[in-house]
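Enquirer: Sharing coords-v2.cif, mmCIF, C-alpha atoms:
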data_coords
#
loop_
_atom_site.label_atom_id
_atom_site.label_comp_id
_atom_site.auth_asym_id
_atom_site.auth_seq_id
_atom_site.Cartn_x
_atom_site.Cartn_y
_atom_site.Cartn_z
CA MET H 1 -24.57 11.17 -6.32
CA ILE H 2 -23.28 12.29 -9.69
CA PHE H 3 -22.46 9.48 -12.17
CA ILE H 4 -19.87 10.42 -14.79
CA PRO H 5 -19.34 7.84 -17.57
CA THR H 6 -15.71 7.08 -18.46
CA ALA H 7 -14.33 6.21 -21.89
CA LEU H 8 -14.69 2.52 -20.93
CA ASN H 9 -18.27 1.30 -21.23
CA GLY H 10 -19.84 0.48 -17.86
CA ALA H 11 -17.16 2.22 -15.76
CA TYR H 12 -18.09 5.40 -13.89
CA ILE H 13 -16.51 8.10 -11.81
CA ILE H 14 -18.96 8.88 -9.03
CA ASP H 15 -18.90 12.22 -7.24
CA ILE H 16 -20.82 12.69 -4.05
CA ASP H 17 -23.29 15.56 -3.79
CA LEU H 18 -22.31 17.45 -0.63
CA HIS H 19 -24.91 19.14 1.53
CA SER H 20 -22.97 21.58 3.71
CA ASP H 21 -23.75 23.79 6.67
CA GLN H 22 -21.91 25.18 9.69
CA ARG H 23 -21.30 21.66 11.04
CA GLY H 24 -19.61 20.32 7.90
CA PHE H 25 -21.32 18.24 5.26
CA PHE H 26 -23.44 15.18 4.67
CA ALA H 27 -23.51 13.13 1.47
CA ARG H 28 -24.70 9.79 0.22
CA SER H 29 -21.82 7.60 -1.03
CA PHE H 30 -23.91 4.58 -1.97
CA CYS H 31 -27.54 4.09 -2.92
CA ARG H 32 -28.78 0.80 -4.34
CA LYS H 33 -31.64 2.53 -6.15
CA GLU H 34 -29.39 5.07 -7.88
CA PHE H 35 -26.89 2.38 -8.90
CA GLU H 36 -29.68 0.23 -10.35
CA GLU H 37 -31.11 3.25 -12.22
CA HIS H 38 -27.71 3.52 -13.97
CA GLY H 39 -27.71 -0.19 -14.80
CA LEU H 40 -24.97 -0.95 -12.25
CA ASN H 41 -24.73 -4.00 -10.04
CA ALA H 42 -25.62 -2.86 -6.52
CA GLU H 43 -25.29 -6.21 -4.74
CA VAL H 44 -22.58 -5.41 -2.21
CA VAL H 45 -21.37 -8.50 -0.34
CA GLN H 46 -17.95 -7.45 0.95
CA MET H 47 -16.04 -4.30 1.89
CA ASN H 48 -12.24 -4.23 1.90
CA THR H 49 -9.59 -1.82 3.14
CA GLY H 50 -6.08 -1.40 1.78
CA TYR H 51 -3.50 0.65 3.63
CA SER H 52 -0.10 1.53 2.17
CA TYR H 53 2.78 2.95 4.17
CA LYS H 54 4.76 4.53 1.32
CA LYS H 55 4.14 6.81 -1.63
CA GLY H 56 4.74 4.85 -4.82
CA THR H 57 3.18 1.60 -3.58
CA LEU H 58 1.57 -0.11 -6.55
CA ARG H 59 -1.16 -2.68 -6.07
CA GLY H 60 -2.59 -4.47 -9.08
CA MET H 61 -3.74 -5.20 -11.65
CA HIS H 62 -6.20 -7.63 -10.03
CA PHE H 63 -9.50 -9.25 -10.94
CA GLN H 64 -11.53 -12.40 -10.30
CA LYS H 65 -12.46 -14.82 -13.07
CA SER H 66 -15.96 -16.16 -13.64
CA PRO H 67 -18.03 -17.37 -12.00
CA HIS H 68 -16.75 -14.99 -9.30
CA ALA H 69 -16.10 -11.91 -11.46
CA GLU H 70 -16.76 -8.86 -9.29
CA ASN H 71 -17.74 -5.25 -9.64
CA LYS H 72 -15.96 -2.83 -7.32
CA LEU H 73 -16.68 0.60 -5.92
CA VAL H 74 -13.35 2.18 -4.92
CA ARG H 75 -12.72 5.25 -2.75
CA CYS H 76 -9.59 6.73 -1.20
CA VAL H 77 -10.38 7.85 2.36
CA ARG H 78 -6.85 8.91 3.38
CA GLY H 79 -4.08 10.23 1.16
CA ALA H 80 -4.27 9.91 -2.63
CA ILE H 81 -4.09 7.30 -5.36
CA TYR H 82 -4.02 7.10 -9.11
CA ASP H 83 -6.59 4.39 -9.80
CA VAL H 84 -6.41 2.42 -13.05
CA ILE H 85 -8.77 -0.02 -14.74
CA VAL H 86 -8.28 -2.12 -17.87
CA ASP H 87 -11.15 -3.55 -19.91
CA LEU H 88 -10.50 -7.30 -20.30
CA ARG H 89 -13.84 -8.11 -21.93
CA ALA H 90 -12.86 -9.81 -25.21
CA ALA H 91 -16.03 -8.71 -27.03
CA SER H 92 -15.82 -5.09 -25.84
CA PRO H 93 -14.96 -2.29 -28.29
CA THR H 94 -12.61 -0.96 -25.58
CA HIS H 95 -10.88 -4.32 -25.00
CA LYS H 96 -7.35 -3.81 -23.59
CA GLN H 97 -7.89 -0.06 -23.14
CA TRP H 98 -7.19 1.52 -19.77
CA PHE H 99 -8.53 4.48 -17.82
CA GLY H 100 -7.00 6.26 -14.83
CA VAL H 101 -8.34 8.76 -12.32
CA HIS H 102 -7.03 10.51 -9.21
CA LEU H 103 -8.97 9.52 -6.09
CA THR H 104 -8.11 11.53 -3.00
CA GLN H 105 -9.43 12.20 0.46
CA GLU H 106 -10.07 15.76 -0.70
CA ASN H 107 -12.03 15.09 -3.91
CA ARG H 108 -13.97 12.17 -2.34
CA ARG H 109 -14.42 10.66 -5.81
CA MET H 110 -15.21 7.01 -6.32
CA LEU H 111 -14.61 4.69 -9.26
CA TYR H 112 -17.10 2.01 -10.26
CA VAL H 113 -15.19 -0.91 -11.78
CA PRO H 114 -17.24 -3.38 -13.84
CA ALA H 115 -16.69 -7.14 -13.71
CA ASP H 116 -14.00 -8.45 -16.08
CA PHE H 117 -11.90 -5.32 -15.63
CA ALA H 118 -8.43 -5.47 -14.08
CA HIS H 119 -7.98 -2.94 -11.28
CA GLY H 120 -4.97 -1.43 -9.57
CA TYR H 121 -3.60 1.76 -8.11
CA ILE H 122 -0.44 3.56 -7.09
CA THR H 123 -0.27 5.63 -3.93
CA LEU H 124 0.62 9.30 -4.40
CA GLU H 125 1.18 9.98 -0.69
CA ASP H 126 2.55 8.13 2.32
CA GLU H 127 -0.04 6.57 4.64
CA THR H 128 -2.80 6.12 2.07
CA GLU H 129 -5.96 4.14 2.76
CA VAL H 130 -8.43 2.83 0.20
CA ILE H 131 -11.78 1.14 0.75
CA TYR H 132 -13.76 -0.76 -1.81
CA GLN H 133 -17.02 -2.60 -1.92
CA THR H 134 -17.39 -5.75 -4.04
CA THR H 135 -20.31 -7.64 -5.52
CA GLU H 136 -18.68 -11.05 -5.01
CA PHE H 137 -16.91 -12.67 -2.09
CA PHE H 138 -13.16 -13.10 -2.44
CA SER H 139 -12.33 -16.41 -4.07
CA LYS H 140 -8.67 -17.35 -3.89
CA ASP H 141 -9.18 -19.92 -6.66
CA HIS H 142 -10.53 -17.25 -9.03
CA ALA H 143 -8.25 -14.35 -8.08
CA THR H 144 -5.68 -13.45 -10.71
CA GLY H 145 -4.10 -10.46 -12.39
CA VAL H 146 -2.24 -8.85 -15.24
CA ARG H 147 1.07 -7.06 -14.90
CA PHE H 148 0.99 -3.33 -14.16
CA ASN H 149 3.64 -2.70 -16.85
CA ASP H 150 2.43 -5.18 -19.48
CA PRO H 151 3.09 -3.70 -22.96
CA ALA H 152 -0.35 -4.97 -24.09
CA PHE H 153 -1.89 -2.07 -22.14
CA ASP H 154 0.83 0.62 -22.05
CA ILE H 155 -0.50 2.13 -18.82
CA ARG H 156 1.08 5.51 -18.09
CA TRP H 157 1.48 5.69 -14.33
CA PRO H 158 2.03 9.25 -13.01
CA ILE H 159 5.01 8.24 -10.82
CA GLU H 160 7.45 5.36 -10.75
CA ALA H 161 6.49 2.41 -8.59
CA ALA H 162 8.71 2.13 -5.50
CA VAL H 163 6.97 -0.84 -3.82
CA VAL H 164 5.41 -3.70 -5.82
CA SER H 165 4.74 -7.21 -4.54
CA ALA H 166 6.56 -10.14 -6.10
CA GLN H 167 3.19 -11.51 -7.24
CA ASP H 168 2.24 -8.28 -9.02
CA ARG H 169 5.61 -8.23 -10.81
CA SER H 170 5.26 -11.85 -11.92
CA TRP H 171 1.97 -11.94 -13.84
CA LYS H 172 2.49 -13.34 -17.37
CA ASP H 173 2.08 -11.23 -20.52
CA TYR H 174 -1.57 -10.73 -21.41
CA LEU H 175 -2.49 -12.66 -24.55
CA GLY H 176 -6.29 -12.16 -24.61
#
Let's see the structure in the file written out as structure tokens.

Expert:
Amino acid sequence: MIFIPTALNGAYIIDIDLHSDQRGFFARSFCRKEFEEHGLNAEVVQMNTGYSYKKGTLRGMHFQKSPHAENKLVRCVRGAIYDVIVDLRAASPTHKQWFGVHLTQENRRMLYVPADFAHGYITLEDETEVIYQTTEFFSKDHATGVRFNDPAFDIRWPIEAAVVSAQDRSWKDYLG
């Protein structure tokens, strides 16, 4: 695996290292040892799938509060997304900054999202499926979010959102 640091400390784009032959390819998409060598939390406890019917479906920006803050490893296995993270760590030099990356079934890229980052994505194709591994179990009492269009972050989405849940539209302005 190839770990590419982003502009936000602790967040990585991860490319898989393909080994190809006449049959196709084989690649490792997760290795506890390699994650730990990069100082990343490799304690996977849950794997989730999100499927969106329509291009322009926006999901996010979600995170879990302590003590259930979670790291995520996100990959698009069908279709394409623009994946966005926002650093919500108050003491971080990149506090309130965001980073976005295209994750597609073709590029097979993954995004490692540190704890205390908000995470969301917009689908760029119909029938898009995303999987992500987490380091904490889902906790409804600790699940929260920030609004995808909050002026505190000024996220520049590549397309206009066509489908957004009522919950994702209703998060309060970020004051942190």

Enquirer: Can you pull out every residue within 8 Å of Tyr132 of chain H, counting only C-alpha atoms, but drop anything in the same chain fewer than 2 positions away, and send it as a list in words?

Expert: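 Those residues are Met47, Asn48, Thr49, Lys72, Leu73, Val74, Arg75, Val130 and Thr134 of chain H.
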
Enquirer: Which of these residues is nearest to Gly50 of chain H, using only C-alpha atoms: H:Tyr121, H:Phe63, H:Tyr82, H:Phe26?

Expert: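 The closest residue to Gly50 of chain H is H:Tyr121.
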
Enquirer: Selection in question (the file shown): the PyMOL selection byres ((chain H and resi 128) around 12). Which residues does it include, as a PyMOL selection string?

Expert: chain H and resi 49-58+75-82+103-105+121-127+129-131

Enquirer: Which residues would end up in the selection if the PyMOL selection byres ((chain H and resi 147-152) around 9) were applied here, given that I need the answer as a list in words?

Expert: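 Against this file, the PyMOL selection byres ((chain H and resi 147-152) around 9) returns the residues Leu58, Arg59, Gly60, Met61, His62, Lys96, Gly120, Gly145, Val146, Phe153, Asp154, Ile155, Arg156, Asp168, Arg169, Ser170, Trp171, Lys172, Asp173, Tyr174 and Leu175 of chain H.
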
Enquirer: Expand the PyMOL selection byres ((chain H and resi 86) around 8) into the explicit residue set it covers here, and present it as a ChimeraX atom specification.

Expert: /H:84-85,87-88,95-99,117-119,153

Enquirer: So what do you get for atom CA of Val44 of chain H versus atom CA of Glu136 of chain H, distance-wise?

Expert: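 According to the coordinates, atom CA of Val44 of chain H and atom CA of Glu136 of chain H are separated by 7.4 Å.
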
Enquirer: Calculate how many Å separate atom CA of Pro114 of chain H from atom CA of Ala11 of chain H, rounding to one decimal.

Expert: 5.9 Å

Enquirer: Env of Val45 of chain H: 10 Å cut, atoms = only C-alpha atoms, seq-sep filter 3 positions within chain, self excluded. Answer as a ChimeraX atom specification.

Expert: /H:42,133-138

Enquirer: Given the selection you just returned, output its residues as a file containing C-alpha atoms, formatted as a compact mmCIF listing (two decimals), keeping the file's coordinate frame.

Expert:
# COMPACT_ATOMS: atom_id res chain seq x y z
CA ALA H 42 -25.62 -2.86 -6.52
CA GLN H 133 -17.02 -2.60 -1.92
CA THR H 134 -17.39 -5.75 -4.04
CA THR H 135 -20.31 -7.64 -5.52
CA GLU H 136 -18.68 -11.05 -5.01
CA PHE H 137 -16.91 -12.67 -2.09
CA PHE H 138 -13.16 -13.10 -2.44

Enquirer: Using all atoms listed in the file, can you list as an MDAnalysis selection string the residues within 8 Å of (-15.4, -10.0, -15.1)?

Expert: chainID H and resid 63:66 68:71 88:89 114:117

Enquirer: Print the selection's residues with C-alpha atoms to a file, as a PDB file, in the frame of the given file.

Expert:
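This went into result-v7.pdb:
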ATOM      1  CA  PHE H  63      -9.500  -9.250 -10.940  1.00  0.00           C
ATOM      2  CA  GLN H  64     -11.530 -12.400 -10.300  1.00  0.00           C
ATOM      3  CA  LYS H  65     -12.460 -14.820 -13.070  1.00  0.00           C
ATOM      4  CA  SER H  66     -15.960 -16.160 -13.640  1.00  0.00           C
ATOM      5  CA  HIS H  68     -16.750 -14.990  -9.300  1.00  0.00           C
ATOM      6  CA  ALA H  69     -16.100 -11.910 -11.460  1.00  0.00           C
ATOM      7  CA  GLU H  70     -16.760  -8.860  -9.290  1.00  0.00           C
ATOM      8  CA  ASN H  71     -17.740  -5.250  -9.640  1.00  0.00           C
ATOM      9  CA  LEU H  88     -10.500  -7.300 -20.300  1.00  0.00           C
ATOM     10  CA  ARG H  89     -13.840  -8.110 -21.930  1.00  0.00           C
ATOM     11  CA  PRO H 114     -17.240  -3.380 -13.840  1.00  0.00           C
ATOM     12  CA  ALA H 115     -16.690  -7.140 -13.710  1.00  0.00           C
ATOM     13  CA  ASP H 116     -14.000  -8.450 -16.080  1.00  0.00           C
ATOM     14  CA  PHE H 117     -11.900  -5.320 -15.630  1.00  0.00           C
TER      15      PHE H 117
END

Enquirer: Hey, can you check how far atom CA of Glu160 of chain H sits from atom CA of Val101 of chain H?

Expert: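 Computing it gives 16.2 Å between the two atoms.
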
Enquirer: Would you mind telling me which residue in H:Val164, H:Ile16, H:Leu40, H:Cys31 lies nearest to Glu106 of chain H when using all atoms listed in the file?

Expert: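 Using all atoms listed in the file, the shortest distance to Glu106 of chain H belongs to H:Ile16.
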
Enquirer: For Ala7 of chain H, which residue out of H:Lys140, H:Ala162, H:Thr94, H:Trp157 is the nearest one, using all atoms listed in the file?

Expert: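 Among H:Lys140, H:Ala162, H:Thr94, H:Trp157, it is H:Thr94 that comes nearest to Ala7 of chain H.
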
Enquirer: Determine the nearest neighbour of Leu18 of chain H from the options H:Thr6, H:Arg109, H:Lys33, H:Ser92, counting all atoms listed in the file.

Expert: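 Nearest candidate to Leu18 of chain H out of H:Thr6, H:Arg109, H:Lys33, H:Ser92: H:Arg109.
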
Enquirer: Would you mind exporting segment 52-101 of chain H with N, CA and C atoms, as a PDB file, in the first residue's frame?

Expert:
ATOM      1  N   SER H  52     -26.042   4.589  -2.745  1.00  0.00           N
ATOM      2  CA  SER H  52     -26.855   5.739  -3.150  1.00  0.00           C
ATOM      3  C   SER H  52     -27.372   5.516  -4.561  1.00  0.00           C
ATOM      4  N   TYR H  53     -28.672   5.740  -4.723  1.00  0.00           N
ATOM      5  CA  TYR H  53     -29.312   5.528  -6.020  1.00  0.00           C
ATOM      6  C   TYR H  53     -28.926   6.595  -7.043  1.00  0.00           C
ATOM      7  N   LYS H  54     -28.831   7.852  -6.609  1.00  0.00           N
ATOM      8  CA  LYS H  54     -28.733   8.974  -7.540  1.00  0.00           C
ATOM      9  C   LYS H  54     -27.419   9.735  -7.433  1.00  0.00           C
ATOM     10  N   LYS H  55     -26.930  10.178  -8.579  1.00  0.00           N
ATOM     11  CA  LYS H  55     -25.829  11.134  -8.640  1.00  0.00           C
ATOM     12  C   LYS H  55     -26.271  12.386  -7.896  1.00  0.00           C
ATOM     13  N   GLY H  56     -25.356  12.978  -7.139  1.00  0.00           N
ATOM     14  CA  GLY H  56     -25.684  14.185  -6.391  1.00  0.00           C
ATOM     15  C   GLY H  56     -26.226  13.924  -4.995  1.00  0.00           C
ATOM     16  N   THR H  57     -26.183  12.661  -4.546  1.00  0.00           N
ATOM     17  CA  THR H  57     -26.588  12.355  -3.180  1.00  0.00           C
ATOM     18  C   THR H  57     -25.452  12.748  -2.242  1.00  0.00           C
ATOM     19  N   LEU H  58     -25.769  13.597  -1.289  1.00  0.00           N
ATOM     20  CA  LEU H  58     -24.763  14.060  -0.335  1.00  0.00           C
ATOM     21  C   LEU H  58     -25.049  13.449   1.028  1.00  0.00           C
ATOM     22  N   ARG H  59     -24.027  12.847   1.593  1.00  0.00           N
ATOM     23  CA  ARG H  59     -24.118  12.249   2.929  1.00  0.00           C
ATOM     24  C   ARG H  59     -23.045  12.895   3.789  1.00  0.00           C
ATOM     25  N   GLY H  60     -23.447  13.491   4.891  1.00  0.00           N
ATOM     26  CA  GLY H  60     -22.449  14.078   5.783  1.00  0.00           C
ATOM     27  C   GLY H  60     -22.821  15.478   6.191  1.00  0.00           C
ATOM     28  N   MET H  61     -22.051  16.014   7.008  1.00  0.00           N
ATOM     29  CA  MET H  61     -20.714  15.672   7.481  1.00  0.00           C
ATOM     30  C   MET H  61     -20.843  15.056   8.882  1.00  0.00           C
ATOM     31  N   HIS H  62     -20.474  13.803   9.031  1.00  0.00           N
ATOM     32  CA  HIS H  62     -20.736  13.035  10.242  1.00  0.00           C
ATOM     33  C   HIS H  62     -19.463  12.742  11.032  1.00  0.00           C
ATOM     34  N   PHE H  63     -19.647  12.563  12.335  1.00  0.00           N
ATOM     35  CA  PHE H  63     -18.574  12.094  13.206  1.00  0.00           C
ATOM     36  C   PHE H  63     -19.192  11.626  14.518  1.00  0.00           C
ATOM     37  N   GLN H  64     -18.375  10.941  15.324  1.00  0.00           N
ATOM     38  CA  GLN H  64     -18.798  10.523  16.654  1.00  0.00           C
ATOM     39  C   GLN H  64     -17.944  11.249  17.684  1.00  0.00           C
ATOM     40  N   LYS H  65     -18.598  11.727  18.739  1.00  0.00           N
ATOM     41  CA  LYS H  65     -17.910  12.427  19.823  1.00  0.00           C
ATOM     42  C   LYS H  65     -17.262  11.413  20.773  1.00  0.00           C
ATOM     43  N   SER H  66     -16.259  11.897  21.491  1.00  0.00           N
ATOM     44  CA  SER H  66     -15.618  11.086  22.533  1.00  0.00           C
ATOM     45  C   SER H  66     -16.658  10.684  23.559  1.00  0.00           C
ATOM     46  N   PRO H  67     -16.538   9.529  24.139  1.00  0.00           N
ATOM     47  CA  PRO H  67     -15.394   8.620  24.049  1.00  0.00           C
ATOM     48  C   PRO H  67     -15.495   7.625  22.890  1.00  0.00           C
ATOM     49  N   HIS H  68     -16.357   7.884  21.929  1.00  0.00           N
ATOM     50  CA  HIS H  68     -16.533   6.969  20.803  1.00  0.00           C
ATOM     51  C   HIS H  68     -16.077   7.566  19.468  1.00  0.00           C
ATOM     52  N   ALA H  69     -15.148   8.535  19.540  1.00  0.00           N
ATOM     53  CA  ALA H  69     -14.591   9.108  18.313  1.00  0.00           C
ATOM     54  C   ALA H  69     -13.948   7.979  17.507  1.00  0.00           C
ATOM     55  N   GLU H  70     -14.153   8.000  16.200  1.00  0.00           N
ATOM     56  CA  GLU H  70     -13.708   6.879  15.368  1.00  0.00           C
ATOM     57  C   GLU H  70     -12.820   7.335  14.221  1.00  0.00           C
ATOM     58  N   ASN H  71     -11.892   6.469  13.872  1.00  0.00           N
ATOM     59  CA  ASN H  71     -11.139   6.616  12.634  1.00  0.00           C
ATOM     60  C   ASN H  71     -11.896   5.820  11.582  1.00  0.00           C
ATOM     61  N   LYS H  72     -11.785   6.253  10.327  1.00  0.00           N
ATOM     62  CA  LYS H  72     -12.459   5.543   9.237  1.00  0.00           C
ATOM     63  C   LYS H  72     -11.480   5.304   8.098  1.00  0.00           C
ATOM     64  N   LEU H  73     -11.694   4.211   7.401  1.00  0.00           N
ATOM     65  CA  LEU H  73     -10.996   3.932   6.153  1.00  0.00           C
ATOM     66  C   LEU H  73     -12.086   3.772   5.101  1.00  0.00           C
ATOM     67  N   VAL H  74     -12.132   4.705   4.132  1.00  0.00           N
ATOM     68  CA  VAL H  74     -13.247   4.814   3.191  1.00  0.00           C
ATOM     69  C   VAL H  74     -12.785   4.428   1.791  1.00  0.00           C
ATOM     70  N   ARG H  75     -13.626   3.651   1.095  1.00  0.00           N
ATOM     71  CA  ARG H  75     -13.332   3.257  -0.286  1.00  0.00           C
ATOM     72  C   ARG H  75     -14.629   3.176  -1.079  1.00  0.00           C
ATOM     73  N   CYS H  76     -14.595   3.655  -2.297  1.00  0.00           N
ATOM     74  CA  CYS H  76     -15.732   3.559  -3.207  1.00  0.00           C
ATOM     75  C   CYS H  76     -15.529   2.320  -4.074  1.00  0.00           C
ATOM     76  N   VAL H  77     -16.451   1.363  -3.985  1.00  0.00           N
ATOM     77  CA  VAL H  77     -16.301   0.100  -4.713  1.00  0.00           C
ATOM     78  C   VAL H  77     -17.184   0.036  -5.958  1.00  0.00           C
ATOM     79  N   ARG H  78     -18.102   0.995  -6.096  1.00  0.00           N
ATOM     80  CA  ARG H  78     -18.954   1.074  -7.291  1.00  0.00           C
ATOM     81  C   ARG H  78     -19.299   2.524  -7.523  1.00  0.00           C
ATOM     82  N   GLY H  79     -19.084   3.010  -8.742  1.00  0.00           N
ATOM     83  CA  GLY H  79     -19.380   4.396  -9.051  1.00  0.00           C
ATOM     84  C   GLY H  79     -18.249   5.318  -8.661  1.00  0.00           C
ATOM     85  N   ALA H  80     -18.606   6.512  -8.142  1.00  0.00           N
ATOM     86  CA  ALA H  80     -17.601   7.525  -7.812  1.00  0.00           C
ATOM     87  C   ALA H  80     -18.164   8.500  -6.790  1.00  0.00           C
ATOM     88  N   ILE H  81     -17.283   8.958  -5.909  1.00  0.00           N
ATOM     89  CA  ILE H  81     -17.655   9.979  -4.936  1.00  0.00           C
ATOM     90  C   ILE H  81     -16.576  11.053  -4.862  1.00  0.00           C
ATOM     91  N   TYR H  82     -16.974  12.200  -4.365  1.00  0.00           N
ATOM     92  CA  TYR H  82     -16.029  13.214  -3.914  1.00  0.00           C
ATOM     93  C   TYR H  82     -16.127  13.166  -2.402  1.00  0.00           C
ATOM     94  N   ASP H  83     -15.056  12.718  -1.768  1.00  0.00           N
ATOM     95  CA  ASP H  83     -15.024  12.481  -0.330  1.00  0.00           C
ATOM     96  C   ASP H  83     -14.368  13.673   0.356  1.00  0.00           C
ATOM     97  N   VAL H  84     -14.995  14.156   1.432  1.00  0.00           N
ATOM     98  CA  VAL H  84     -14.528  15.368   2.111  1.00  0.00           C
ATOM     99  C   VAL H  84     -14.383  15.109   3.604  1.00  0.00           C
ATOM    100  N   ILE H  85     -13.295  15.640   4.164  1.00  0.00           N
ATOM    101  CA  ILE H  85     -13.082  15.601   5.602  1.00  0.00           C
ATOM    102  C   ILE H  85     -12.806  17.015   6.098  1.00  0.00           C
ATOM    103  N   VAL H  86     -13.196  17.264   7.351  1.00  0.00           N
ATOM    104  CA  VAL H  86     -12.944  18.550   8.001  1.00  0.00           C
ATOM    105  C   VAL H  86     -12.302  18.275   9.350  1.00  0.00           C
ATOM    106  N   ASP H  87     -11.195  18.951   9.620  1.00  0.00           N
ATOM    107  CA  ASP H  87     -10.485  18.798  10.885  1.00  0.00           C
ATOM    108  C   ASP H  87     -11.227  19.583  11.970  1.00  0.00           C
ATOM    109  N   LEU H  88     -11.792  18.879  12.949  1.00  0.00           N
ATOM    110  CA  LEU H  88     -12.517  19.517  14.049  1.00  0.00           C
ATOM    111  C   LEU H  88     -11.711  19.521  15.353  1.00  0.00           C
ATOM    112  N   ARG H  89     -10.457  19.177  15.276  1.00  0.00           N
ATOM    113  CA  ARG H  89      -9.610  19.155  16.475  1.00  0.00           C
ATOM    114  C   ARG H  89      -9.236  20.592  16.838  1.00  0.00           C
ATOM    115  N   ALA H  90      -9.754  21.080  17.964  1.00  0.00           N
ATOM    116  CA  ALA H  90      -9.585  22.485  18.353  1.00  0.00           C
ATOM    117  C   ALA H  90      -8.116  22.900  18.448  1.00  0.00           C
ATOM    118  N   ALA H  91      -7.243  22.023  18.885  1.00  0.00           N
ATOM    119  CA  ALA H  91      -5.834  22.361  19.060  1.00  0.00           C
ATOM    120  C   ALA H  91      -4.999  22.152  17.794  1.00  0.00           C
ATOM    121  N   SER H  92      -5.617  21.711  16.722  1.00  0.00           N
ATOM    122  CA  SER H  92      -4.881  21.409  15.491  1.00  0.00           C
ATOM    123  C   SER H  92      -4.579  22.681  14.701  1.00  0.00           C
ATOM    124  N   PRO H  93      -3.393  22.754  14.088  1.00  0.00           N
ATOM    125  CA  PRO H  93      -3.087  23.914  13.226  1.00  0.00           C
ATOM    126  C   PRO H  93      -3.959  23.953  11.965  1.00  0.00           C
ATOM    127  N   THR H  94      -4.635  22.833  11.652  1.00  0.00           N
ATOM    128  CA  THR H  94      -5.525  22.817  10.483  1.00  0.00           C
ATOM    129  C   THR H  94      -7.000  22.775  10.905  1.00  0.00           C
ATOM    130  N   HIS H  95      -7.271  23.236  12.130  1.00  0.00           N
ATOM    131  CA  HIS H  95      -8.646  23.273  12.647  1.00  0.00           C
ATOM    132  C   HIS H  95      -9.560  24.009  11.669  1.00  0.00           C
ATOM    133  N   LYS H  96     -10.694  23.410  11.354  1.00  0.00           N
ATOM    134  CA  LYS H  96     -11.733  23.925  10.456  1.00  0.00           C
ATOM    135  C   LYS H  96     -11.345  23.899   8.975  1.00  0.00           C
ATOM    136  N   GLN H  97     -10.176  23.352   8.647  1.00  0.00           N
ATOM    137  CA  GLN H  97      -9.812  23.211   7.237  1.00  0.00           C
ATOM    138  C   GLN H  97     -10.369  21.900   6.703  1.00  0.00           C
ATOM    139  N   TRP H  98     -10.630  21.892   5.386  1.00  0.00           N
ATOM    140  CA  TRP H  98     -11.196  20.694   4.774  1.00  0.00           C
ATOM    141  C   TRP H  98     -10.271  20.197   3.668  1.00  0.00           C
ATOM    142  N   PHE H  99     -10.488  18.933   3.311  1.00  0.00           N
ATOM    143  CA  PHE H  99      -9.743  18.284   2.233  1.00  0.00           C
ATOM    144  C   PHE H  99     -10.715  17.388   1.487  1.00  0.00           C
ATOM    145  N   GLY H 100     -10.630  17.387   0.157  1.00  0.00           N
ATOM    146  CA  GLY H 100     -11.478  16.529  -0.652  1.00  0.00           C
ATOM    147  C   GLY H 100     -10.668  15.728  -1.654  1.00  0.00           C
ATOM    148  N   VAL H 101     -11.180  14.530  -1.974  1.00  0.00           N
ATOM    149  CA  VAL H 101     -10.502  13.653  -2.922  1.00  0.00           C
ATOM    150  C   VAL H 101     -11.550  12.823  -3.665  1.00  0.00           C
TER     151      VAL H 101
END
